[in-house]
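Source file: final29.cif (mmCIF, C-alpha atoms and all ligand atoms)
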```
data_upload
#
loop_
_atom_site.group_PDB
_atom_site.id
_atom_site.type_symbol
_atom_site.label_atom_id
_atom_site.label_comp_id
_atom_site.auth_asym_id
_atom_site.auth_seq_id
_atom_site.Cartn_x
_atom_site.Cartn_y
_atom_site.Cartn_z
ATOM 1 C CA MET T 179 15.040 30.178 16.685
ATOM 2 C CA THR T 180 14.766 29.557 12.911
ATOM 3 C CA ILE T 181 12.310 26.927 11.695
ATOM 4 C CA LEU T 182 12.370 25.512 8.174
ATOM 5 C CA VAL T 183 8.879 24.849 6.816
ATOM 6 C CA THR T 184 8.719 22.467 3.860
ATOM 7 C CA GLY T 185 5.456 22.452 1.893
ATOM 8 C CA ALA T 186 5.109 26.064 3.095
ATOM 9 C CA THR T 187 3.028 27.046 0.075
ATOM 10 C CA GLY T 188 0.701 24.073 0.543
ATOM 11 C CA THR T 189 -2.622 23.706 2.331
ATOM 12 C CA VAL T 190 -1.191 22.779 5.733
ATOM 13 C CA GLY T 191 2.176 24.514 5.348
ATOM 14 C CA GLN T 192 0.591 27.946 4.815
ATOM 15 C CA HIS T 193 -1.200 27.573 8.163
ATOM 16 C CA VAL T 194 2.010 26.359 9.827
ATOM 17 C CA THR T 195 3.897 29.367 8.463
ATOM 18 C CA GLU T 196 1.252 31.885 9.553
ATOM 19 C CA LEU T 197 0.986 30.406 13.053
ATOM 20 C CA LEU T 198 4.763 30.423 13.503
ATOM 21 C CA VAL T 199 4.993 34.035 12.310
ATOM 22 C CA ARG T 200 2.232 34.998 14.783
ATOM 23 C CA ARG T 201 4.230 33.316 17.556
ATOM 24 C CA GLY T 202 7.221 35.502 16.651
ATOM 25 C CA THR T 203 9.317 32.690 15.179
ATOM 26 C CA SER T 204 11.788 33.228 12.369
ATOM 27 C CA VAL T 205 10.454 31.136 9.458
ATOM 28 C CA ARG T 206 12.336 29.920 6.445
ATOM 29 C CA ALA T 207 10.041 28.541 3.741
ATOM 30 C CA LEU T 208 11.191 25.929 1.254
ATOM 31 C CA THR T 209 9.744 26.033 -2.256
ATOM 32 C CA ARG T 210 10.622 24.958 -5.766
ATOM 33 C CA ASN T 211 9.448 28.346 -7.085
ATOM 34 C CA SER T 212 10.246 31.438 -5.032
ATOM 35 C CA THR T 213 8.303 33.858 -7.277
ATOM 36 C CA ARG T 214 5.063 31.917 -6.829
ATOM 37 C CA ALA T 215 5.783 31.378 -3.123
ATOM 38 C CA ARG T 216 6.168 35.139 -2.504
ATOM 39 C CA THR T 217 2.507 35.629 -3.478
ATOM 40 C CA LYS T 218 1.366 33.029 -0.932
ATOM 41 C CA LEU T 219 3.492 33.706 2.125
ATOM 42 C CA PRO T 220 3.448 36.499 4.710
ATOM 43 C CA GLU T 221 5.973 39.335 4.691
ATOM 44 C CA GLY T 222 9.023 38.592 6.777
ATOM 45 C CA VAL T 223 9.231 34.933 5.830
ATOM 46 C CA ARG T 224 12.560 34.113 4.227
ATOM 47 C CA ILE T 225 12.007 32.012 1.114
ATOM 48 C CA VAL T 226 14.620 29.497 -0.057
ATOM 49 C CA GLU T 227 14.500 27.443 -3.203
ATOM 50 C CA GLY T 228 15.114 23.706 -3.022
ATOM 51 C CA ASP T 229 13.597 20.422 -4.107
ATOM 52 C CA LEU T 230 12.983 17.607 -1.633
ATOM 53 C CA MET T 231 13.389 15.159 -4.523
ATOM 54 C CA GLN T 232 16.934 16.483 -5.014
ATOM 55 C CA PRO T 233 18.458 16.618 -1.523
ATOM 56 C CA GLU T 234 21.659 18.176 -2.894
ATOM 57 C CA THR T 235 19.641 21.397 -3.462
ATOM 58 C CA LEU T 236 18.880 21.752 0.283
ATOM 59 C CA ALA T 237 22.211 22.845 1.783
ATOM 60 C CA ASP T 238 21.272 26.548 1.963
ATOM 61 C CA ALA T 239 17.838 25.748 3.345
ATOM 62 C CA PHE T 240 19.253 23.997 6.446
ATOM 63 C CA HIS T 241 21.872 26.605 7.306
ATOM 64 C CA GLY T 242 21.271 27.836 10.882
ATOM 65 C CA VAL T 243 17.969 25.964 11.222
ATOM 66 C CA GLU T 244 17.044 24.493 14.618
ATOM 67 C CA ALA T 245 13.734 22.797 13.786
ATOM 68 C CA MET T 246 11.917 21.650 10.667
ATOM 69 C CA PHE T 247 8.366 20.898 9.552
ATOM 70 C CA LEU T 248 8.714 18.121 6.968
ATOM 71 C CA ILE T 249 6.236 16.861 4.387
ATOM 72 C CA THR T 250 6.769 13.378 3.029
ATOM 73 C CA SER T 251 4.916 13.277 -0.254
ATOM 74 C CA SER T 252 4.773 15.461 -3.306
ATOM 75 C CA ASP T 253 1.768 17.184 -4.849
ATOM 76 C CA GLU T 254 1.437 14.224 -7.175
ATOM 77 C CA PRO T 255 -1.535 12.509 -5.525
ATOM 78 C CA TYR T 256 -0.295 10.073 -2.890
ATOM 79 C CA ALA T 257 3.214 9.895 -4.386
ATOM 80 C CA ASP T 258 5.934 9.498 -1.792
ATOM 81 C CA LEU T 259 9.013 11.672 -2.092
ATOM 82 C CA ASN T 260 11.299 8.647 -1.518
ATOM 83 C CA THR T 261 14.121 10.932 -0.504
ATOM 84 C CA ASP T 262 13.041 11.430 3.123
ATOM 85 C CA PRO T 263 15.838 9.378 4.773
ATOM 86 C CA GLN T 264 18.395 11.449 2.852
ATOM 87 C CA VAL T 265 16.643 14.676 3.862
ATOM 88 C CA VAL T 266 16.618 13.538 7.501
ATOM 89 C CA ALA T 267 20.341 12.692 7.355
ATOM 90 C CA LEU T 268 21.169 16.079 5.811
ATOM 91 C CA ALA T 269 19.130 17.895 8.440
ATOM 92 C CA GLU T 270 20.894 16.075 11.267
ATOM 93 C CA ALA T 271 24.323 16.753 9.738
ATOM 94 C CA ALA T 272 23.397 20.452 9.407
ATOM 95 C CA GLY T 273 22.580 20.683 13.131
ATOM 96 C CA VAL T 274 18.769 20.584 13.034
ATOM 97 C CA LYS T 275 17.577 19.498 16.501
ATOM 98 C CA ARG T 276 13.870 18.818 16.040
ATOM 99 C CA VAL T 277 11.679 17.532 13.189
ATOM 100 C CA VAL T 278 7.882 17.470 13.042
ATOM 101 C CA VAL T 279 6.803 15.335 10.136
ATOM 102 C CA LEU T 280 3.455 15.185 8.358
ATOM 103 C CA VAL T 281 2.809 11.576 7.411
ATOM 104 C CA GLY T 282 -0.023 9.292 6.382
ATOM 105 C CA TYR T 283 -0.799 6.092 8.229
ATOM 106 C CA GLY T 284 1.683 3.246 8.571
ATOM 107 C CA GLU T 285 5.419 3.209 9.185
ATOM 108 C CA GLY T 286 7.617 4.355 6.328
ATOM 109 C CA PRO T 287 11.296 5.116 5.753
ATOM 110 C CA VAL T 288 11.053 8.614 7.210
ATOM 111 C CA GLU T 289 9.858 7.311 10.583
ATOM 112 C CA GLU T 290 12.696 4.768 10.661
ATOM 113 C CA ALA T 291 15.244 7.441 9.755
ATOM 114 C CA LEU T 292 13.991 9.809 12.455
ATOM 115 C CA LYS T 293 13.945 7.120 15.122
ATOM 116 C CA ALA T 294 17.530 6.195 14.241
ATOM 117 C CA SER T 295 18.651 9.847 14.388
ATOM 118 C CA SER T 296 19.744 11.904 17.378
ATOM 119 C CA MET T 297 17.083 14.546 16.643
ATOM 120 C CA GLN T 298 13.837 15.082 18.527
ATOM 121 C CA TRP T 299 10.884 14.033 16.383
ATOM 122 C CA THR T 300 7.090 14.071 16.375
ATOM 123 C CA LEU T 301 4.778 12.437 13.837
ATOM 124 C CA VAL T 302 1.588 14.273 12.830
ATOM 125 C CA GLN T 303 -0.770 11.822 11.124
ATOM 126 C CA PRO T 304 -3.971 13.404 9.823
ATOM 127 C CA VAL T 305 -6.805 11.561 8.130
ATOM 128 C CA GLU T 306 -8.392 13.252 5.129
ATOM 129 C CA PHE T 307 -8.101 17.065 5.114
ATOM 130 C CA MET T 308 -11.357 19.060 5.075
ATOM 131 C CA ALA T 309 -9.803 21.138 2.279
ATOM 132 C CA ASN T 310 -9.804 18.125 -0.068
ATOM 133 C CA VAL T 311 -13.450 18.911 -0.817
ATOM 134 C CA LEU T 312 -12.354 22.144 -2.521
ATOM 135 C CA ALA T 313 -10.597 20.207 -5.273
ATOM 136 C CA ASP T 314 -13.342 17.575 -5.405
ATOM 137 C CA TRP T 315 -16.551 19.612 -5.188
ATOM 138 C CA ARG T 316 -15.960 23.387 -5.546
ATOM 139 C CA ASP T 317 -16.189 23.694 -9.333
ATOM 140 C CA THR T 318 -19.482 21.846 -9.803
ATOM 141 C CA ILE T 319 -21.032 23.531 -6.750
ATOM 142 C CA ARG T 320 -20.170 26.910 -8.316
ATOM 143 C CA THR T 321 -21.238 26.108 -11.855
ATOM 144 C CA GLU T 322 -24.160 23.672 -11.393
ATOM 145 C CA GLY T 323 -25.143 23.731 -7.736
ATOM 146 C CA ALA T 324 -24.362 20.014 -7.662
ATOM 147 C CA VAL T 325 -21.807 17.455 -6.509
ATOM 148 C CA ARG T 326 -21.206 14.290 -8.531
ATOM 149 C CA GLU T 327 -19.762 11.734 -6.159
ATOM 150 C CA PHE T 328 -19.324 8.050 -5.706
ATOM 151 C CA TYR T 329 -20.791 6.315 -2.651
ATOM 152 C CA GLY T 330 -22.527 9.115 -0.752
ATOM 153 C CA ASN T 331 -22.572 7.121 2.476
ATOM 154 C CA ALA T 332 -18.767 6.897 2.699
ATOM 155 C CA LEU T 333 -17.761 8.221 6.116
ATOM 156 C CA SER T 334 -14.789 10.409 6.933
ATOM 157 C CA ALA T 335 -13.637 12.124 10.134
ATOM 158 C CA ARG T 336 -12.050 14.907 8.026
ATOM 159 C CA VAL T 337 -9.748 17.207 9.968
ATOM 160 C CA HIS T 338 -9.387 20.999 9.611
ATOM 161 C CA GLU T 339 -5.971 21.752 8.106
ATOM 162 C CA GLY T 340 -5.600 24.676 10.516
ATOM 163 C CA ASP T 341 -5.861 22.164 13.376
ATOM 164 C CA ILE T 342 -3.217 19.930 11.790
ATOM 165 C CA ALA T 343 -0.962 22.980 11.545
ATOM 166 C CA ALA T 344 -1.704 24.081 15.127
ATOM 167 C CA VAL T 345 -0.710 20.640 16.445
ATOM 168 C CA ALA T 346 2.455 20.724 14.339
ATOM 169 C CA VAL T 347 3.346 24.177 15.698
ATOM 170 C CA GLU T 348 2.834 23.019 19.289
ATOM 171 C CA ALA T 349 5.175 20.116 18.581
ATOM 172 C CA LEU T 350 7.731 22.463 16.984
ATOM 173 C CA LEU T 351 7.717 25.043 19.773
ATOM 174 C CA GLY T 352 6.583 23.161 22.875
ATOM 175 C CA ASP T 353 8.221 20.578 25.102
ATOM 176 C CA ASN T 354 7.159 16.986 25.770
ATOM 177 C CA HIS T 355 6.288 16.076 22.173
ATOM 178 C CA HIS T 356 9.475 14.138 21.383
ATOM 179 C CA GLY T 357 8.813 10.550 20.273
ATOM 180 C CA ARG T 358 5.057 11.057 20.037
ATOM 181 C CA SER T 359 2.727 10.168 17.148
ATOM 182 C CA TYR T 360 -0.386 12.300 16.824
ATOM 183 C CA PRO T 361 -3.123 10.726 14.695
ATOM 184 C CA LEU T 362 -5.521 13.582 13.936
ATOM 185 C CA THR T 363 -9.218 13.683 13.051
ATOM 186 C CA GLY T 364 -11.987 16.212 13.208
ATOM 187 C CA PRO T 365 -14.617 16.055 15.983
ATOM 188 C CA GLU T 366 -17.158 14.004 13.987
ATOM 189 C CA ALA T 367 -17.452 11.531 11.126
ATOM 190 C CA LEU T 368 -19.711 12.728 8.311
ATOM 191 C CA THR T 369 -20.881 10.967 5.181
ATOM 192 C CA ARG T 370 -20.222 12.663 1.862
ATOM 193 C CA ARG T 371 -23.913 13.560 1.656
ATOM 194 C CA GLU T 372 -23.759 15.153 5.140
ATOM 195 C CA ALA T 373 -20.633 17.109 4.238
ATOM 196 C CA VAL T 374 -22.319 18.471 1.091
ATOM 197 C CA SER T 375 -25.358 19.445 3.223
ATOM 198 C CA ALA T 376 -23.040 21.328 5.593
ATOM 199 C CA ILE T 377 -21.646 23.315 2.643
ATOM 200 C CA ALA T 378 -25.197 23.992 1.416
ATOM 201 C CA ALA T 379 -26.119 25.328 4.880
ATOM 202 C CA ALA T 380 -22.980 27.505 4.942
ATOM 203 C CA ILE T 381 -23.666 29.090 1.546
ATOM 204 C CA GLY T 382 -27.442 29.254 2.014
ATOM 205 C CA LYS T 383 -28.183 27.411 -1.245
ATOM 206 C CA ASP T 384 -29.352 23.920 -2.157
ATOM 207 C CA ILE T 385 -26.699 21.574 -3.562
ATOM 208 C CA ARG T 386 -27.838 18.446 -5.412
ATOM 209 C CA PHE T 387 -25.944 15.273 -4.532
ATOM 210 C CA ILE T 388 -25.736 13.150 -7.688
ATOM 211 C CA GLU T 389 -24.493 9.710 -6.748
ATOM 212 C CA LEU T 390 -22.275 8.150 -9.420
ATOM 213 C CA SER T 391 -22.095 4.433 -10.090
ATOM 214 C CA GLU T 392 -18.646 2.890 -9.671
ATOM 215 C CA GLU T 393 -18.107 2.857 -13.451
ATOM 216 C CA GLU T 394 -19.190 6.509 -13.787
ATOM 217 C CA ALA T 395 -16.870 7.482 -10.929
ATOM 218 C CA ARG T 396 -13.919 5.612 -12.472
ATOM 219 C CA GLN T 397 -14.567 7.375 -15.785
ATOM 220 C CA GLN T 398 -14.762 10.799 -14.079
ATOM 221 C CA TRP T 399 -11.408 10.214 -12.341
ATOM 222 C CA ARG T 400 -9.849 9.071 -15.631
ATOM 223 C CA GLU T 401 -11.035 12.283 -17.287
ATOM 224 C CA GLN T 402 -9.466 14.224 -14.394
ATOM 225 C CA GLY T 403 -6.133 12.555 -15.229
ATOM 226 C CA TYR T 404 -5.771 10.068 -12.390
ATOM 227 C CA GLU T 405 -3.810 6.835 -12.912
ATOM 228 C CA GLU T 406 -5.665 3.512 -12.586
ATOM 229 C CA GLU T 407 -3.771 2.753 -9.357
ATOM 230 C CA SER T 408 -5.034 5.967 -7.726
ATOM 231 C CA ILE T 409 -8.571 5.301 -9.013
ATOM 232 C CA GLU T 410 -8.557 1.844 -7.448
ATOM 233 C CA PHE T 411 -7.385 3.427 -4.184
ATOM 234 C CA PHE T 412 -10.249 5.995 -4.279
ATOM 235 C CA VAL T 413 -12.834 3.246 -4.909
ATOM 236 C CA GLN T 414 -11.534 1.069 -2.075
ATOM 237 C CA MET T 415 -11.277 4.024 0.320
ATOM 238 C CA ALA T 416 -14.977 4.738 -0.308
ATOM 239 C CA ILE T 417 -16.341 1.190 -0.214
ATOM 240 C CA ASN T 418 -14.008 -0.249 2.426
ATOM 241 C CA THR T 419 -13.021 2.877 4.341
ATOM 242 C CA PRO T 420 -10.458 1.760 6.942
ATOM 243 C CA GLU T 421 -11.550 2.327 10.529
ATOM 244 C CA VAL T 422 -8.881 4.998 10.988
ATOM 245 C CA GLY T 423 -10.653 7.060 8.330
ATOM 246 C CA TYR T 424 -13.846 7.508 10.342
ATOM 247 C CA THR T 425 -12.946 6.837 13.987
ATOM 248 C CA VAL T 426 -13.018 10.161 15.834
ATOM 249 C CA LEU T 427 -9.954 10.719 18.049
ATOM 250 C CA PRO T 428 -9.435 13.258 20.852
ATOM 251 C CA THR T 429 -5.846 14.102 19.855
ATOM 252 C CA VAL T 430 -6.422 17.666 18.594
ATOM 253 C CA GLU T 431 -8.124 18.646 21.854
ATOM 254 C CA GLN T 432 -5.521 16.830 23.962
ATOM 255 C CA VAL T 433 -2.639 18.681 22.299
ATOM 256 C CA LEU T 434 -4.277 22.100 21.844
ATOM 257 C CA GLY T 435 -6.557 22.249 24.908
ATOM 258 C CA ARG T 436 -9.523 23.224 22.721
ATOM 259 C CA PRO T 437 -11.926 21.160 20.584
ATOM 260 C CA ALA T 438 -11.127 20.289 16.997
ATOM 261 C CA ARG T 439 -12.986 22.498 14.508
ATOM 262 C CA THR T 440 -16.102 21.075 12.839
ATOM 263 C CA PHE T 441 -16.745 20.682 9.138
ATOM 264 C CA ALA T 442 -19.583 23.207 9.459
ATOM 265 C CA GLU T 443 -17.068 25.771 10.796
ATOM 266 C CA TRP T 444 -14.702 24.966 7.920
ATOM 267 C CA ALA T 445 -17.528 25.339 5.375
ATOM 268 C CA THR T 446 -18.488 28.739 6.814
ATOM 269 C CA GLU T 447 -14.864 29.932 6.674
ATOM 270 C CA HIS T 448 -14.679 28.851 2.998
ATOM 271 C CA LYS T 449 -18.175 29.746 1.808
ATOM 272 C CA ARG T 450 -17.004 32.420 -0.648
ATOM 273 C CA GLU T 451 -15.027 29.794 -2.536
ATOM 274 C CA PHE T 452 -18.231 27.837 -3.240
ATOM 275 C CA LEU T 453 -20.208 30.836 -4.480
ATOM 276 C CA SER T 454 -19.967 31.788 -8.162
HETATM 277 N N1 LIG Q 501 -4.830 15.717 1.525
HETATM 278 C C1 LIG Q 501 -4.919 14.801 2.482
HETATM 279 O O1 LIG Q 501 -6.014 14.343 2.848
HETATM 280 C C2 LIG Q 501 -3.653 14.305 3.155
HETATM 281 C C3 LIG Q 501 -3.737 13.440 4.234
HETATM 282 C C4 LIG Q 501 -2.553 13.041 4.874
HETATM 283 C C5 LIG Q 501 -1.317 13.512 4.433
HETATM 284 N N2 LIG Q 501 -1.269 14.356 3.346
HETATM 285 C C6 LIG Q 501 0.058 14.873 2.934
HETATM 286 O O2 LIG Q 501 0.243 16.141 3.517
HETATM 287 C C7 LIG Q 501 1.262 16.871 2.818
HETATM 288 C C8 LIG Q 501 0.910 18.312 2.670
HETATM 289 O O3 LIG Q 501 -0.259 18.404 1.895
HETATM 290 P P1 LIG Q 501 -0.834 19.799 1.494
HETATM 291 O O4 LIG Q 501 -2.230 19.535 0.975
HETATM 292 O O5 LIG Q 501 -0.632 20.753 2.620
HETATM 293 O O6 LIG Q 501 0.114 20.205 0.290
HETATM 294 P P2 LIG Q 501 -0.343 20.774 -1.129
HETATM 295 O O7 LIG Q 501 -1.327 21.852 -0.928
HETATM 296 O O8 LIG Q 501 -0.670 19.630 -2.029
HETATM 297 O O9 LIG Q 501 1.003 21.435 -1.631
HETATM 298 C C9 LIG Q 501 2.147 20.660 -1.843
HETATM 299 C C10 LIG Q 501 3.310 21.322 -1.121
HETATM 300 O O10 LIG Q 501 4.419 20.456 -1.191
HETATM 301 C C11 LIG Q 501 5.518 21.171 -1.728
HETATM 302 N N3 LIG Q 501 6.281 20.212 -2.523
HETATM 303 C C12 LIG Q 501 5.785 19.222 -3.315
HETATM 304 N N4 LIG Q 501 6.778 18.534 -3.894
HETATM 305 C C13 LIG Q 501 7.931 19.116 -3.454
HETATM 306 C C14 LIG Q 501 9.290 18.887 -3.708
HETATM 307 N N5 LIG Q 501 9.701 17.914 -4.526
HETATM 308 N N6 LIG Q 501 10.221 19.673 -3.095
HETATM 309 C C15 LIG Q 501 9.831 20.685 -2.267
HETATM 310 N N7 LIG Q 501 8.540 20.951 -1.983
HETATM 311 C C16 LIG Q 501 7.615 20.191 -2.575
HETATM 312 C C17 LIG Q 501 4.921 22.285 -2.558
HETATM 313 O O11 LIG Q 501 5.848 23.344 -2.587
HETATM 314 P P3 LIG Q 501 6.168 24.262 -3.909
HETATM 315 O O12 LIG Q 501 5.102 23.969 -4.942
HETATM 316 O O13 LIG Q 501 6.096 25.684 -3.380
HETATM 317 O O14 LIG Q 501 7.513 23.859 -4.313
HETATM 318 C C18 LIG Q 501 3.678 22.649 -1.736
HETATM 319 O O15 LIG Q 501 4.006 23.545 -0.697
HETATM 320 C C19 LIG Q 501 1.426 16.164 1.482
HETATM 321 O O16 LIG Q 501 2.669 15.517 1.552
HETATM 322 C C20 LIG Q 501 0.243 15.186 1.460
HETATM 323 O O17 LIG Q 501 0.534 14.040 0.707
HETATM 324 C C21 LIG Q 501 -2.398 14.774 2.723
#
```

Would you mind writing the structure in this file as structure tokens?
Amino acid sequence: MTILVTGATGTVGQHVTELLVRRGTSVRALTRNSTRARTKLPEGVRIVEGDLMQPETLADAFHGVEAMFLITSSDEPYADLNTDPQVVALAEAAGVKRVVVLVGYGEGPVEEALKASSMQWTLVQPVEFMANVLADWRDTIRTEGAVREFYGNALSARVHEGDIAAVAVEALLGDNHHGRSYPLTGPEALTRREAVSAIAAAIGKDIRFIELSEEEARQQWREQGYEEESIEFFVQMAINTPEVGYTVLPTVEQVLGRPARTFAEWATEHKREFLS
């Protein structure tokens, strides 16, 4: 069985690829840059170039593929790919039988396209990834032993990206996942302050939590290059976090038969990345 992994060089996709390889599956990895991808992916994975924004580049990628792991947004923060229905149609025409798709919350065009297709499909819907804190906090923890954040009491039931991948792999390889949606969280909801404390415990060093005012936070995001629309989204997600963002769900354990991994476990696995 050959499985096409899109986003294979990304945070979740690398876990999906490794887990599939360990299960003895033939993996084809889609990337826009095969040279860079070779440095990130295990030996034995066949790398194909293609761009999900340009579906006409995907013909080779689908050849002989039975199942696909599909991402639905680009590495532009929160930007949808907008080409998903076309990608779904191409996959179906190429003979792909099963699609596991990584989506955010809410119905979008990819869900509609999958439901209208003859393929088996499963939706994997994680809340915030634990790994997001690497981009947000790693640099200042390393250089200053501090985190500058807005609204330290904002809660999140962050999920371990390895657990997202493990659920996706079960849905790709197992039976009885067709037509299911799997909203995924970690096993607890932590505030930002608590998450920073968990990293401090993992690295054995104090980390100062410097709470930014809303204006300071907006300015920091501007300096990091975010558009005003994204900044507004970040502010609202902190102040008015939707219930789905912090309500702990049992889905990971139900699908995998083992508990979801904690943020403290994640922090211990990643402690070297926070040490200068
Ligand atoms: N971070 C979160 O909290 C969160 C929550 C829910 C859902 N998501 C979604 O989950 C998905 C995966 O996130 P991630 O963090 O694992 O990814 P990531 O680390 O941000 O990496 C992005 C991946 O997407 C691929 N990619 C981006 N644009 C592409 C395009 N036009 N054509 C082909 N491949 C493209 C990249 O491949 P190459 O660079 O190799 O081409 C890379 O593998 C994203 O769609 C994200 O929006 C994220």

Using all atoms listed in the file: which of T:Gly330, T:Thr425, T:Arg450, T:Leu350 has the shortest distance to Arg201 in chain T
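Of the candidates, the smallest distance to Arg201 in chain T is held by T:Leu350.
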
Expand the PyMOL selection byres (((chain T and resi 293) around 12) and not hetatm) into the individual residues it matches in the shown file, reporting them as a list in words.
Pro263, Val266, Ala267, Glu270, Arg276, Val277, Val279, Glu285, Gly286, Pro287, Val288, Glu289, Glu290, Ala291, Leu292, Ala294, Ser295, Ser296, Met297, Gln298, Trp299, Thr300, Leu301, His356, Gly357, Arg358 and Ser359 of chain T

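What separates CA of Gly364 in chain T from atom C12 of ligand LIG 501 (chain Q) is a distance of 24.5 Å.
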
Using all atoms of range 188-201 of chain T that appear in the file, construct an axis-aligned enclosing box with 6 Å of padding on every side and provide its centre coordinates and edge lengths in Å, rounded to one decimal, as AutoDock Vina command-line options.
```
--center_x 1.2 --center_y 28.9 --center_z 9.0 --size_x 19.6 --size_y 24.2 --size_z 29.0
```

Residues within 8 Å of (-11.2, 19.6, 7.1), counting all atoms listed in the file, listed as a list in words:
Glu306, Phe307, Met308, Ala309, Asn310, Arg336, Val337, His338, Glu339, Gly364, Thr440, Phe441 and Trp444 of chain T

Report as a PyMOL selection string which protein, DNA and RNA residues come within 7 Å of ligand LIG 501 (chain Q), using all atoms listed in the file.
chain T and resi 184-191+208-211+215+228-231+249-253+255-256+259+280-282+303-307+310

From the set T:Ala335, T:Arg436, T:Leu453, T:Asp353, which residue has the shortest atom-to-atom contact distance to Glu322 in chain T, counting all atoms listed in the file?
T:Leu453

Which residue, T:Leu312, T:Val274, T:Val422, T:Val194, has the smallest gap to Pro361 in chain T when you use all atoms listed in the file?
T:Val422

Of the candidates T:Leu351, T:Val433, T:Ile225, T:Ala332, which shows the shortest atom-to-atom distance to Glu389 in chain T, using only C-alpha atoms?
T:Ala332

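Note that CA of Val302 in chain T and CA of Gly435 in chain T are 16.6 Å apart.
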
Which residues are close to Arg200 in chain T, i.e. within 12 Å by only C-alpha atoms, leaving aside same-chain residues fewer than 2 positions away? Reply as a ChimeraX atom specification.
/T:193-198,202-205,220-223,344,347

So how many Å separate CA of Gly323 in chain T and CA of Gln402 in chain T, to one decimal?
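Distance reported for this atom pair: 19.5 Å.
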
Top pick for closest residue to Phe387 in chain T, considering T:Ala269, T:Asn354, T:Glu421, T:Trp315 and counting all atoms listed in the file:
T:Trp315

Can you list, as a PyMOL selection string, the residues that the PyMOL selection byres (((chain T and resi 413) around 9) and not hetatm) selects here?
chain T and resi 328-329+392+395-396+408-412+414-418

Please enumerate the residues selected by the PyMOL selection byres (((chain T and resi 371) around 7) and not hetatm) when evaluated against the supplied file, formatted as an MDAnalysis selection string.
chainID T and resid 330:331 369:370 372:375 387

Determine, counting all atoms listed in the file, which protein, DNA and RNA residues have an atom within 7 Å of an atom of Pro365 in chain T; residues of the same chain fewer than 4 positions away are not included. Present the result as a PDB file with C-alpha atoms, keeping the file's coordinate frame.
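For reference, selection21.pdb as written:
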```pdb
ATOM      1  CA  VAL T 426     -13.018  10.161  15.834  1.00  0.00           C
ATOM      2  CA  ALA T 438     -11.127  20.289  16.997  1.00  0.00           C
ATOM      3  CA  ARG T 439     -12.986  22.498  14.508  1.00  0.00           C
ATOM      4  CA  THR T 440     -16.102  21.075  12.839  1.00  0.00           C
TER       5      THR T 440
END
```

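Distance annotation: of T:His355, T:His448, T:Arg320, T:Arg326, the residue with the minimal separation from Leu390 in chain T is T:Arg326; atom set is all atoms listed in the file.
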
Neighbour list for Ile319 in chain T as a PyMOL selection string, cut-off 8 Å, all atoms listed in the file, skip fewer than 6 positions in-chain:
chain T and resi 325+385+452-453
